[in-house]
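Engineer: I am sharing protein06.csv, which consists of CSV, C-alpha atoms:
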chain,number,residue,atom,x,y,z
V,1,MET,CA,0.0,0.0,0.0
V,2,ALA,CA,1.2,3.6,-0.7
V,3,GLY,CA,2.0,5.9,2.2
V,4,GLU,CA,-0.7,8.5,2.8
V,5,MET,CA,-3.3,9.8,0.4
V,6,PHE,CA,-4.3,13.4,0.0
V,7,ILE,CA,-6.8,15.4,-1.9
V,8,ALA,CA,-5.5,18.8,-3.0
V,9,MET,CA,-6.6,22.2,-4.2
V,10,THR,CA,-3.6,23.9,-5.8
V,11,GLY,CA,-3.6,27.5,-4.7
V,12,ASP,CA,-6.5,30.1,-4.7
V,13,ALA,CA,-9.1,28.8,-7.1
V,14,ASN,CA,-6.6,26.2,-8.2
V,15,GLU,CA,-4.3,29.0,-9.7
V,16,LEU,CA,-1.3,26.7,-9.6
V,17,TRP,CA,-2.8,23.7,-11.3
V,18,GLY,CA,-1.4,24.6,-14.7
V,19,ASP,CA,2.1,24.7,-13.2
V,20,CYS,CA,1.4,21.4,-11.3
V,21,LEU,CA,0.3,19.6,-14.4
V,22,ARG,CA,3.1,21.0,-16.7
V,23,ARG,CA,6.0,20.6,-14.2
V,24,ASN,CA,4.8,17.5,-12.4
V,25,VAL,CA,4.5,18.9,-8.9
V,26,VAL,CA,1.9,19.3,-6.2
V,27,ALA,CA,1.9,22.8,-4.9
V,28,LEU,CA,0.3,25.4,-2.5
V,29,GLY,CA,0.7,29.1,-2.5
V,30,TYR,CA,1.6,31.1,0.7
V,31,ASP,CA,1.8,34.9,1.1
V,32,LYS,CA,5.5,35.8,1.5
V,33,PRO,CA,5.3,36.7,5.2
V,34,TYR,CA,3.6,33.4,6.1
V,35,PHE,CA,6.2,31.5,4.1
V,36,ASP,CA,9.1,33.3,5.8
V,37,ALA,CA,7.6,32.4,9.2
V,38,TRP,CA,7.1,28.8,8.2
V,39,GLN,CA,10.5,28.4,6.7
V,40,SER,CA,12.2,29.8,9.8
V,41,GLY,CA,10.0,27.5,12.0
V,42,ASP,CA,8.5,30.5,13.8
V,43,ARG,CA,5.0,29.3,14.8
V,44,ASP,CA,4.5,32.4,17.0
V,45,GLU,CA,5.1,34.7,14.0
V,46,PHE,CA,2.8,32.6,11.9
V,47,LEU,CA,0.1,32.9,14.6
V,48,ARG,CA,0.7,36.6,14.8
V,49,LEU,CA,0.1,37.0,11.1
V,50,GLN,CA,-3.0,34.9,11.2
V,51,THR,CA,-4.3,37.0,14.1
V,52,LEU,CA,-3.8,40.2,12.1
V,53,ALA,CA,-5.6,38.7,9.1
V,54,ALA,CA,-8.6,37.2,11.1
V,55,ALA,CA,-12.0,38.9,10.8
V,56,ARG,CA,-13.1,41.0,13.8
V,57,GLY,CA,-14.7,38.8,16.4
V,58,THR,CA,-13.0,35.6,15.5
V,59,ILE,CA,-12.4,33.6,18.7
V,60,GLU,CA,-8.8,33.0,19.6
V,61,SER,CA,-9.1,29.2,19.5
V,62,ASP,CA,-10.2,29.3,15.9
V,63,ILE,CA,-7.3,31.6,14.9
V,64,LYS,CA,-4.8,29.2,16.6
V,65,ALA,CA,-6.4,26.2,14.9
V,66,ARG,CA,-6.2,27.8,11.5
V,67,ALA,CA,-2.6,28.9,12.0
V,68,THR,CA,-1.6,25.4,13.1
V,69,LEU,CA,-3.5,23.9,10.1
V,70,TRP,CA,-1.7,26.0,7.5
V,71,PHE,CA,1.7,25.8,9.2
V,72,ASN,CA,1.4,22.0,9.1
V,73,ARG,CA,0.1,21.9,5.5
V,74,ALA,CA,3.3,23.5,4.3
V,75,THR,CA,5.3,20.9,6.2
V,76,ARG,CA,3.2,18.1,5.0
V,77,ILE,CA,3.4,19.0,1.3
V,78,THR,CA,7.2,19.7,1.3
V,79,GLU,CA,8.0,16.5,3.3
V,80,SER,CA,5.7,14.2,1.4
V,81,GLU,CA,7.3,11.2,-0.2
V,82,ASP,CA,5.6,8.1,-1.8
V,83,ASP,CA,2.2,9.6,-1.0
V,84,ILE,CA,-0.7,9.6,-3.5
V,85,TRP,CA,-2.2,13.0,-4.3
V,86,PHE,CA,-5.5,13.5,-6.0
V,87,HIS,CA,-6.8,16.5,-7.9
V,88,ARG,CA,-10.0,17.0,-9.8
V,89,ALA,CA,-9.9,19.2,-12.9
V,90,GLU,CA,-13.3,19.6,-14.5
V,91,ASN,CA,-14.4,16.1,-15.6
V,92,ASP,CA,-11.1,14.4,-14.9
V,93,LEU,CA,-9.6,13.0,-11.7
V,94,TYR,CA,-5.8,13.2,-11.7
V,95,TRP,CA,-3.4,11.4,-9.4
V,96,ALA,CA,0.3,11.3,-8.8
V,97,THR,CA,2.8,10.0,-6.3
V,98,THR,CA,5.3,12.3,-4.5
V,99,SER,CA,9.0,11.5,-5.1
V,100,SER,CA,12.1,11.8,-2.9
V,101,ALA,CA,13.2,15.0,-4.8
V,102,ALA,CA,13.8,18.2,-2.8
V,103,PRO,CA,10.9,20.6,-2.5
V,104,ILE,CA,10.7,23.7,-4.7
V,105,PHE,CA,10.1,27.3,-3.5
V,106,GLU,CA,9.4,30.0,-6.1
V,107,GLU,CA,8.0,33.5,-5.6
V,108,TYR,CA,5.1,34.8,-7.7
V,109,ASP,CA,2.8,37.8,-7.3
V,110,GLY,CA,3.8,38.5,-3.7
V,111,LYS,CA,3.4,34.8,-2.8
V,112,VAL,CA,5.6,31.8,-2.6
V,113,MET,CA,4.8,28.5,-4.3
V,114,LEU,CA,5.7,25.5,-2.1
V,115,ALA,CA,5.9,22.5,-4.5
V,116,LYS,CA,6.9,18.9,-4.2
V,117,PRO,CA,7.9,16.9,-7.3
V,118,VAL,CA,5.6,14.0,-8.2
V,119,SER,CA,5.4,11.3,-10.8
V,120,SER,CA,3.6,12.3,-14.0
V,121,TRP,CA,0.1,13.4,-13.2
V,122,SER,CA,-2.3,10.8,-14.7
V,123,ARG,CA,-6.0,10.9,-15.4
V,124,ARG,CA,-6.0,7.1,-16.0
V,125,ASN,CA,-5.6,4.2,-13.6
V,126,ARG,CA,-2.7,1.8,-13.9
V,127,ARG,CA,-4.7,-0.3,-16.3
V,128,THR,CA,-5.1,2.8,-18.5
V,129,VAL,CA,-8.8,3.3,-17.9
V,130,ALA,CA,-9.8,7.0,-17.9
V,131,LEU,CA,-10.8,8.3,-14.4
V,132,THR,CA,-13.6,10.6,-15.6
V,133,TRP,CA,-15.9,12.1,-13.0
V,134,ASN,CA,-19.0,10.4,-14.4
V,135,SER,CA,-17.3,7.0,-13.8
V,136,ILE,CA,-16.5,7.7,-10.1
V,137,HIS,CA,-19.0,6.3,-7.6
V,138,PRO,CA,-21.0,9.1,-5.8
V,139,LYS,CA,-19.8,7.7,-2.4
V,140,ALA,CA,-16.2,8.4,-3.5
V,141,LYS,CA,-17.2,11.7,-5.0
V,142,ASP,CA,-18.5,12.9,-1.7
V,143,TYR,CA,-15.1,12.3,-0.2
V,144,LEU,CA,-13.1,13.6,-3.1
V,145,THR,CA,-15.2,16.8,-3.3
V,146,THR,CA,-13.5,19.2,-0.8
V,147,GLN,CA,-13.0,22.9,-0.4
V,148,GLN,CA,-10.0,22.3,1.8
V,149,ALA,CA,-6.6,23.1,0.3
V,150,VAL,CA,-5.3,19.7,1.5
V,151,LEU,CA,-7.3,16.9,2.9
V,152,ARG,CA,-5.7,13.7,4.2
V,153,VAL,CA,-7.7,10.5,3.4
V,154,ALA,CA,-8.2,9.3,7.0
V,155,ASP,CA,-10.9,6.8,6.5
V,156,PRO,CA,-9.2,3.3,6.1
V,157,SER,CA,-11.9,1.9,3.9
V,158,MET,CA,-11.9,4.9,1.6
V,159,LYS,CA,-8.1,4.8,1.4
V,160,GLU,CA,-8.3,1.1,0.3
V,161,TYR,CA,-11.0,2.0,-2.2
V,162,LEU,CA,-9.0,4.9,-3.8
V,163,GLU,CA,-5.9,2.7,-4.0
V,164,ALA,CA,-8.0,0.0,-5.8
V,165,LEU,CA,-9.3,2.8,-8.1
V,166,VAL,CA,-5.8,3.9,-9.0
V,167,ASN,CA,-4.7,0.3,-9.5
V,168,GLY,CA,-7.7,-0.5,-11.7
V,169,ASP,CA,-8.7,-3.3,-9.4
V,170,ASP,CA,-12.2,-4.8,-9.0
V,171,LEU,CA,-14.3,-2.3,-7.0
V,172,GLY,CA,-17.2,-4.7,-6.4
V,173,ALA,CA,-16.4,-5.2,-2.7
V,174,TRP,CA,-17.4,-1.5,-2.2
V,175,HIS,CA,-20.0,-1.0,-4.9
V,176,ASP,CA,-22.0,-4.0,-3.7
V,177,ARG,CA,-22.4,-2.6,-0.2
V,178,PRO,CA,-26.0,-1.6,0.6
V,179,GLU,CA,-25.0,2.0,1.6
V,180,TRP,CA,-23.0,2.4,-1.7
V,181,LYS,CA,-25.9,1.0,-3.7
V,182,LYS,CA,-28.3,3.4,-2.0
V,183,ARG,CA,-26.0,6.4,-2.6
V,184,LEU,CA,-25.8,5.5,-6.3
V,185,GLY,CA,-29.5,5.1,-6.6
V,186,SER,CA,-29.3,1.5,-7.9
V,187,GLU,CA,-32.9,0.9,-6.9
V,188,ARG,CA,-33.9,3.6,-9.4
V,189,GLY,CA,-31.8,1.9,-12.1
V,190,ARG,CA,-28.9,4.3,-12.0
V,191,THR,CA,-25.5,2.9,-13.0
V,192,LEU,CA,-21.9,4.2,-13.2
V,193,GLY,CA,-20.4,5.5,-16.5
V,194,GLY,CA,-17.6,3.4,-17.9
V,195,ASN,CA,-14.5,4.0,-20.0
V,196,VAL,CA,-12.4,2.1,-22.4
V,197,GLU,CA,-9.2,0.4,-21.2
V,198,LEU,CA,-6.5,1.7,-23.5
V,199,SER,CA,-4.3,-1.2,-22.5
V,200,GLU,CA,-6.6,-3.5,-24.4
V,201,LEU,CA,-5.4,-1.7,-27.6
V,202,VAL,CA,-1.8,-2.0,-26.7
V,203,LEU,CA,-2.1,-5.7,-25.6
V,204,THR,CA,-3.7,-6.5,-29.0
V,205,ARG,CA,-0.9,-4.7,-30.9
V,206,MET,CA,1.8,-6.4,-28.9
V,207,LEU,CA,0.3,-9.8,-29.4
V,208,MET,CA,0.0,-9.2,-33.2
V,209,THR,CA,3.6,-8.1,-33.3
V,210,ILE,CA,4.7,-11.3,-31.5
V,211,ARG,CA,2.6,-13.3,-33.9
V,212,GLU,CA,4.2,-11.7,-36.9
V,213,THR,CA,7.7,-12.0,-35.4
V,214,VAL,CA,7.2,-15.7,-34.8
V,215,LYS,CA,5.7,-16.2,-38.3
V,216,ASN,CA,8.7,-14.6,-40.0
V,217,ALA,CA,11.5,-15.9,-37.8
V,218,ASP,CA,11.5,-19.7,-38.3
V,219,GLY,CA,15.2,-20.3,-39.0
V,220,ARG,CA,15.0,-19.7,-42.8
V,221,GLN,CA,17.9,-18.3,-44.7
V,222,VAL,CA,17.1,-15.0,-46.4
V,223,LEU,CA,20.6,-13.7,-47.3
V,224,ARG,CA,21.2,-14.3,-43.6
V,225,THR,CA,19.9,-16.9,-41.2
V,226,LEU,CA,16.9,-15.7,-39.2
V,227,LYS,CA,16.7,-16.5,-35.6
V,228,ASP,CA,14.2,-19.2,-34.7
V,229,LYS,CA,11.6,-17.5,-32.4
V,230,LYS,CA,8.6,-19.5,-31.1
V,231,LEU,CA,5.6,-18.7,-28.9
V,232,LEU,CA,5.8,-21.4,-26.2
V,233,CYS,CA,2.3,-20.7,-24.8
V,234,SER,CA,-1.2,-20.0,-26.1
V,235,GLU,CA,-1.9,-16.5,-27.3
V,236,ALA,CA,-4.5,-16.2,-24.6
V,237,GLU,CA,-1.9,-17.0,-21.9
V,238,MET,CA,0.6,-14.5,-23.4
V,239,LYS,CA,-2.0,-11.8,-23.6
V,240,ALA,CA,-2.9,-12.4,-19.9
V,241,HIS,CA,0.8,-12.3,-19.0
V,242,LEU,CA,1.3,-9.0,-20.9
V,243,ALA,CA,-1.7,-7.5,-19.0
V,244,HIS,CA,-0.1,-8.7,-15.7
V,245,LEU,CA,3.2,-7.0,-16.7
V,246,MET,CA,1.4,-3.7,-17.4
V,247,THR,CA,0.2,-3.7,-13.8
V,248,GLU,CA,3.3,-5.2,-12.2
V,249,GLN,CA,5.6,-2.8,-13.9
V,250,ARG,CA,3.2,0.1,-13.1
V,251,GLY,CA,3.4,1.2,-16.7
V,252,LEU,CA,7.2,1.7,-16.5
V,253,CYS,CA,9.8,0.3,-18.9
V,254,ALA,CA,11.5,-2.7,-17.3
V,255,ILE,CA,15.0,-1.4,-18.3
V,256,THR,CA,14.9,2.4,-18.3
V,257,LYS,CA,12.0,2.9,-15.8
V,258,LEU,CA,10.6,5.5,-18.2
V,259,PRO,CA,6.8,5.7,-18.4
V,260,MET,CA,5.6,3.7,-21.4
V,261,HIS,CA,3.0,5.1,-23.7
V,262,VAL,CA,-0.1,3.2,-24.8
V,263,ASP,CA,-2.0,3.3,-28.0
V,264,GLY,CA,-4.6,6.1,-28.1
V,265,GLN,CA,-3.3,8.2,-25.2
V,266,GLU,CA,-2.8,11.9,-25.3
V,267,ALA,CA,0.5,13.3,-26.7
V,268,LEU,CA,1.5,9.8,-27.9
V,269,ASP,CA,5.2,9.3,-28.6
V,270,TYR,CA,5.6,6.2,-30.8
V,271,ASP,CA,9.2,5.6,-29.5
V,272,MET,CA,7.7,5.3,-26.0
V,273,LEU,CA,5.1,2.8,-26.9
V,274,ALA,CA,5.0,-0.3,-24.7
V,275,SER,CA,6.7,-3.2,-26.5
V,276,ALA,CA,7.1,-6.9,-25.6
V,277,ASP,CA,10.8,-7.8,-25.4
V,278,ARG,CA,12.5,-11.1,-24.8
V,279,ILE,CA,14.7,-10.9,-21.8
V,280,ASP,CA,17.0,-13.5,-23.3
V,281,SER,CA,17.2,-12.5,-26.9
V,282,ASN,CA,18.3,-16.1,-27.8
V,283,GLY,CA,15.2,-17.5,-26.2
V,284,HIS,CA,11.6,-17.8,-27.2
V,285,TYR,CA,8.4,-15.9,-26.4
V,286,GLU,CA,7.1,-17.4,-23.1
V,287,PRO,CA,5.9,-15.7,-19.9
V,288,LYS,CA,9.2,-16.1,-18.0
V,289,ASN,CA,11.2,-14.6,-20.8
V,290,VAL,CA,9.1,-11.5,-21.7
V,291,GLN,CA,9.3,-8.0,-20.2
V,292,LEU,CA,7.7,-4.8,-21.3
V,293,VAL,CA,10.0,-2.0,-22.5
V,294,CYS,CA,9.7,1.3,-24.5
V,295,ARG,CA,9.7,0.5,-28.2
V,296,PHE,CA,12.9,2.5,-28.8
V,297,VAL,CA,14.6,0.3,-26.1
V,298,ASN,CA,13.5,-2.9,-27.9
V,299,PHE,CA,15.0,-1.5,-31.2
V,300,TRP,CA,18.2,-0.5,-29.5
V,301,LYS,CA,18.7,-3.7,-27.6
V,302,CYS,CA,18.1,-5.8,-30.6
V,303,ALA,CA,19.8,-9.2,-29.9
V,304,GLN,CA,21.9,-7.8,-27.0
V,305,GLU,CA,21.9,-9.8,-23.7
V,306,ASN,CA,19.7,-8.0,-21.2
V,307,GLY,CA,22.4,-7.4,-18.5
V,308,LYS,CA,25.0,-6.3,-21.0
V,309,PHE,CA,22.5,-3.8,-22.6
V,310,ILE,CA,21.7,-2.3,-19.1
V,311,GLU,CA,25.4,-2.0,-18.4
V,312,LEU,CA,26.0,-0.2,-21.7
V,313,LEU,CA,23.1,2.2,-20.9
V,314,ASP,CA,24.6,2.9,-17.5
V,315,ARG,CA,28.0,3.7,-19.0
V,316,VAL,CA,26.4,6.1,-21.5
V,317,VAL,CA,24.5,7.9,-18.7
V,318,ALA,CA,27.6,8.0,-16.4
V,319,ASN,CA,29.7,9.5,-19.3
V,320,ARG,CA,27.1,12.2,-20.1
V,321,LEU,CA,26.8,13.1,-16.4
V,322,GLU,CA,30.6,13.4,-16.2
V,323,ALA,CA,30.9,15.5,-19.3
V,324,ALA,CA,28.1,17.8,-18.1
V,325,GLY,CA,29.7,18.2,-14.7
Re-express the file's structure as structure tokens.
Structural biologist:
Amino acid sequence: MAGEMFIAMTGDANELWGDCLRRNVVALGYDKPYFDAWQSGDRDEFLRLQTLAAARGTIESDIKARATLWFNRATRITESEDDIWFHRAENDLYWATTSSAAPIFEEYDGKVMLAKPVSSWSRRNRRTVALTWNSIHPKAKDYLTTQQAVLRVADPSMKEYLEALVNGDDLGAWHDRPEWKKRLGSERGRTLGGNVELSELVLTRMLMTIRETVKNADGRQVLRTLKDKKLLCSEAEMKAHLAHLMTEQRGLCAITKLPMHVDGQEALDYDMLASADRIDSNGHYEPKNVQLVCRFVNFWKCAQENGKFIELLDRVVANRLEAAG
């Protein structure tokens, strides 16, 4: 299970969402004096600023509670690591996971953006099904709809549900509960919207590629001897294994760990398309010898041994880093 889960608004009226999406960060905006007080760890100064800004007649306990809340939010977002963050933008539900990278502080319009790098924001689950608002159960919508800048998902059952939602797991254990059915309005015939799983397209393409590769690589001599490549399981078994790998690898290339693209996605880069690769290039297509990689990696690797290819990639990266330094 992931660390914590949070639902976030990104600045006043989501003013920072564009930056969050473009730069792959989760962020909040603080007026500069509040930021300075937080950065120096001065809770008394933070409270003083909050007291000055409070409306006349606000009781002291409410002011202190608000000061504590916002002071802690800054700490929470900048120290977040391996936590899942959700954000709704119009009809899409986005999610991302915070990384171990250092937080970012940038001034803008008299404020400071406190940002934490995340994995790429995605509006699809790990099985590539779109997370559109009409496909989200009303019970989950109630929880995800918040006017708070940051809300931690504290309910254990909802946390499990949202993790299953992100993973693309079966949600029947929740949807079949009487209170969930009642909230949906099942007795009145209401149902959830559904979306197409893009991975079905990529699985079909990869299976067709394997089929053609096996067909055309049977040891014949065509100016050169073609490697003999066989499919040592049924196509149904291989397709199921490819689907398992899409989930197990979390959509990442097995060699480079770069996000793989899938057929039909937005901003598709064909070099990044998921591709079925034989781990042992001298072996055949069978579940234990197949991994998913970016298409360009499959082309580059060609007949190279897996470990040797990774070693060569590491040498290229190390040399570029040394040259840049």
Engineer: Please list as a ChimeraX atom specification every residue within 10 Å of Trp174 in chain V, counting only C-alpha atoms and excluding residues in the same chain fewer than 2 positions away.
Structural biologist: /V:137,139,157-158,160-161,170-172,176-181
Engineer: Which residues, written as a list in words, have at least one atom at most 12 Å from Lys308 in chain V, with all atoms listed in the file counted and residues fewer than 6 positions away on the same chain left out?
Structural biologist: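 Residues near the query, excluding close chain neighbours: Ile255, Ile279, Asp280, Ser281, Lys301, Cys302, Asp314 and Arg315 of chain V.
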Engineer: Would you work out the distance separating CA of Lys116 in chain V from CA of Cys294 in chain V, expressed in Å to one decimal?
Structural biologist: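 For CA of Lys116 in chain V relative to CA of Cys294 in chain V, the distance reads 27.0 Å.
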Engineer: Provide the CA of Met246 in chain V to CA of Ala130 in chain V distance in Å, to one decimal place.
Structural biologist: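 Rounded to one decimal, the two atoms are 15.5 Å apart.
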Engineer: Under the rule that all atoms listed in the file are counted, which of V:Arg205, V:Arg250, V:Arg22, V:Arg43 is the nearest residue to Asn72 in chain V?
Structural biologist: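 Ranking V:Arg205, V:Arg250, V:Arg22, V:Arg43 by distance to Asn72 in chain V, first place goes to V:Arg43.
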Engineer: Could you check the closest approach to Leu203 in chain V for each of V:Ser275, V:Ser99, V:Thr51, V:Asn14 and tell me which residue wins, using all atoms listed in the file?
Structural biologist: V:Ser275
Engineer: Counting only C-alpha atoms, figure out which residue out of V:Ile104, V:Leu93, V:Phe296, V:Asn282 gets nearest to Arg124 in chain V.
Structural biologist: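 For Arg124 in chain V, the nearest of the candidates is V:Leu93.
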Engineer: For a quick check of understanding, using only C-alpha atoms, which of V:Lys215, V:His87, V:Arg48, V:Arg23 has the smallest distance to Ala8 in chain V?
Structural biologist: V:His87
Engineer: Between CA of Glu106 in chain V and CA of Ser119 in chain V, what distance in Å does the model show, to one decimal?
Structural biologist: 19.7 Å
Engineer: Which residue, V:Asp277, V:Glu248, V:Glu187, V:Glu200, has the smallest gap to Thr213 in chain V when you use all atoms listed in the file?
Structural biologist: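 With all atoms listed in the file as the atom set, the closest residue is V:Asp277.
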Engineer: Give as a list of chain:residue names every residue, naming chains and numbers as the document does, that has an atom within 7 Å of (-0.6, 11.8, -13.2), counting all atoms listed in the file.
Structural biologist: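 It turns out the residues near that spot are V:Tyr94, V:Trp95, V:Ala96, V:Ser119, V:Ser120, V:Trp121, V:Ser122, V:Arg123.
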Engineer: Please write the residues from the selection above to a file, keeping C-alpha atoms, as a short mmCIF file (atom, residue, chain, number, x, y, z; two decimals), in the frame of the given file.
Structural biologist:
data_model
loop_
_atom_site.label_atom_id
_atom_site.label_comp_id
_atom_site.auth_asym_id
_atom_site.auth_seq_id
_atom_site.Cartn_x
_atom_site.Cartn_y
_atom_site.Cartn_z
CA TYR V 94 -5.80 13.20 -11.70
CA TRP V 95 -3.40 11.40 -9.40
CA ALA V 96 0.30 11.30 -8.80
CA SER V 119 5.40 11.30 -10.80
CA SER V 120 3.60 12.30 -14.00
CA TRP V 121 0.10 13.40 -13.20
CA SER V 122 -2.30 10.80 -14.70
CA ARG V 123 -6.00 10.90 -15.40
#
Engineer: Rank nothing, just name the residue among V:Gly264, V:Gly185, V:Gly251, V:Pro259 nearest to Leu201 in chain V, using only C-alpha atoms.
Structural biologist: V:Gly264
Engineer: Just want the 10 Å neighbourhood of Ile7 in chain V, counted on only C-alpha atoms, with same-chain residues fewer than 5 positions away dropped. Output as a count of residues only.
Structural biologist: 17
Engineer: Can you pull out the residues contacting Trp133 in chain V? Cut-off 7 Å, using only C-alpha atoms, and skip same-chain residues under 3 positions away; I want them as a PyMOL selection string.
Structural biologist: chain V and resi 91-93+136
Engineer: Could you write out that same residue set with C-alpha atoms as a PDB file, in the coordinates of the input?
Structural biologist:
ATOM      1  CA  ASN V  91     -14.400  16.100 -15.600  1.00  0.00           C
ATOM      2  CA  ASP V  92     -11.100  14.400 -14.900  1.00  0.00           C
ATOM      3  CA  LEU V  93      -9.600  13.000 -11.700  1.00  0.00           C
ATOM      4  CA  ILE V 136     -16.500   7.700 -10.100  1.00  0.00           C
TER       5      ILE V 136
END
Engineer: Residues at most 9 Å from Cys20 in chain V, counting all atoms listed in the file, excluding those fewer than 6 positions away in the same chain, as a VMD selection string?
Structural biologist: chain V and resid 10 26 to 27 115 117 121
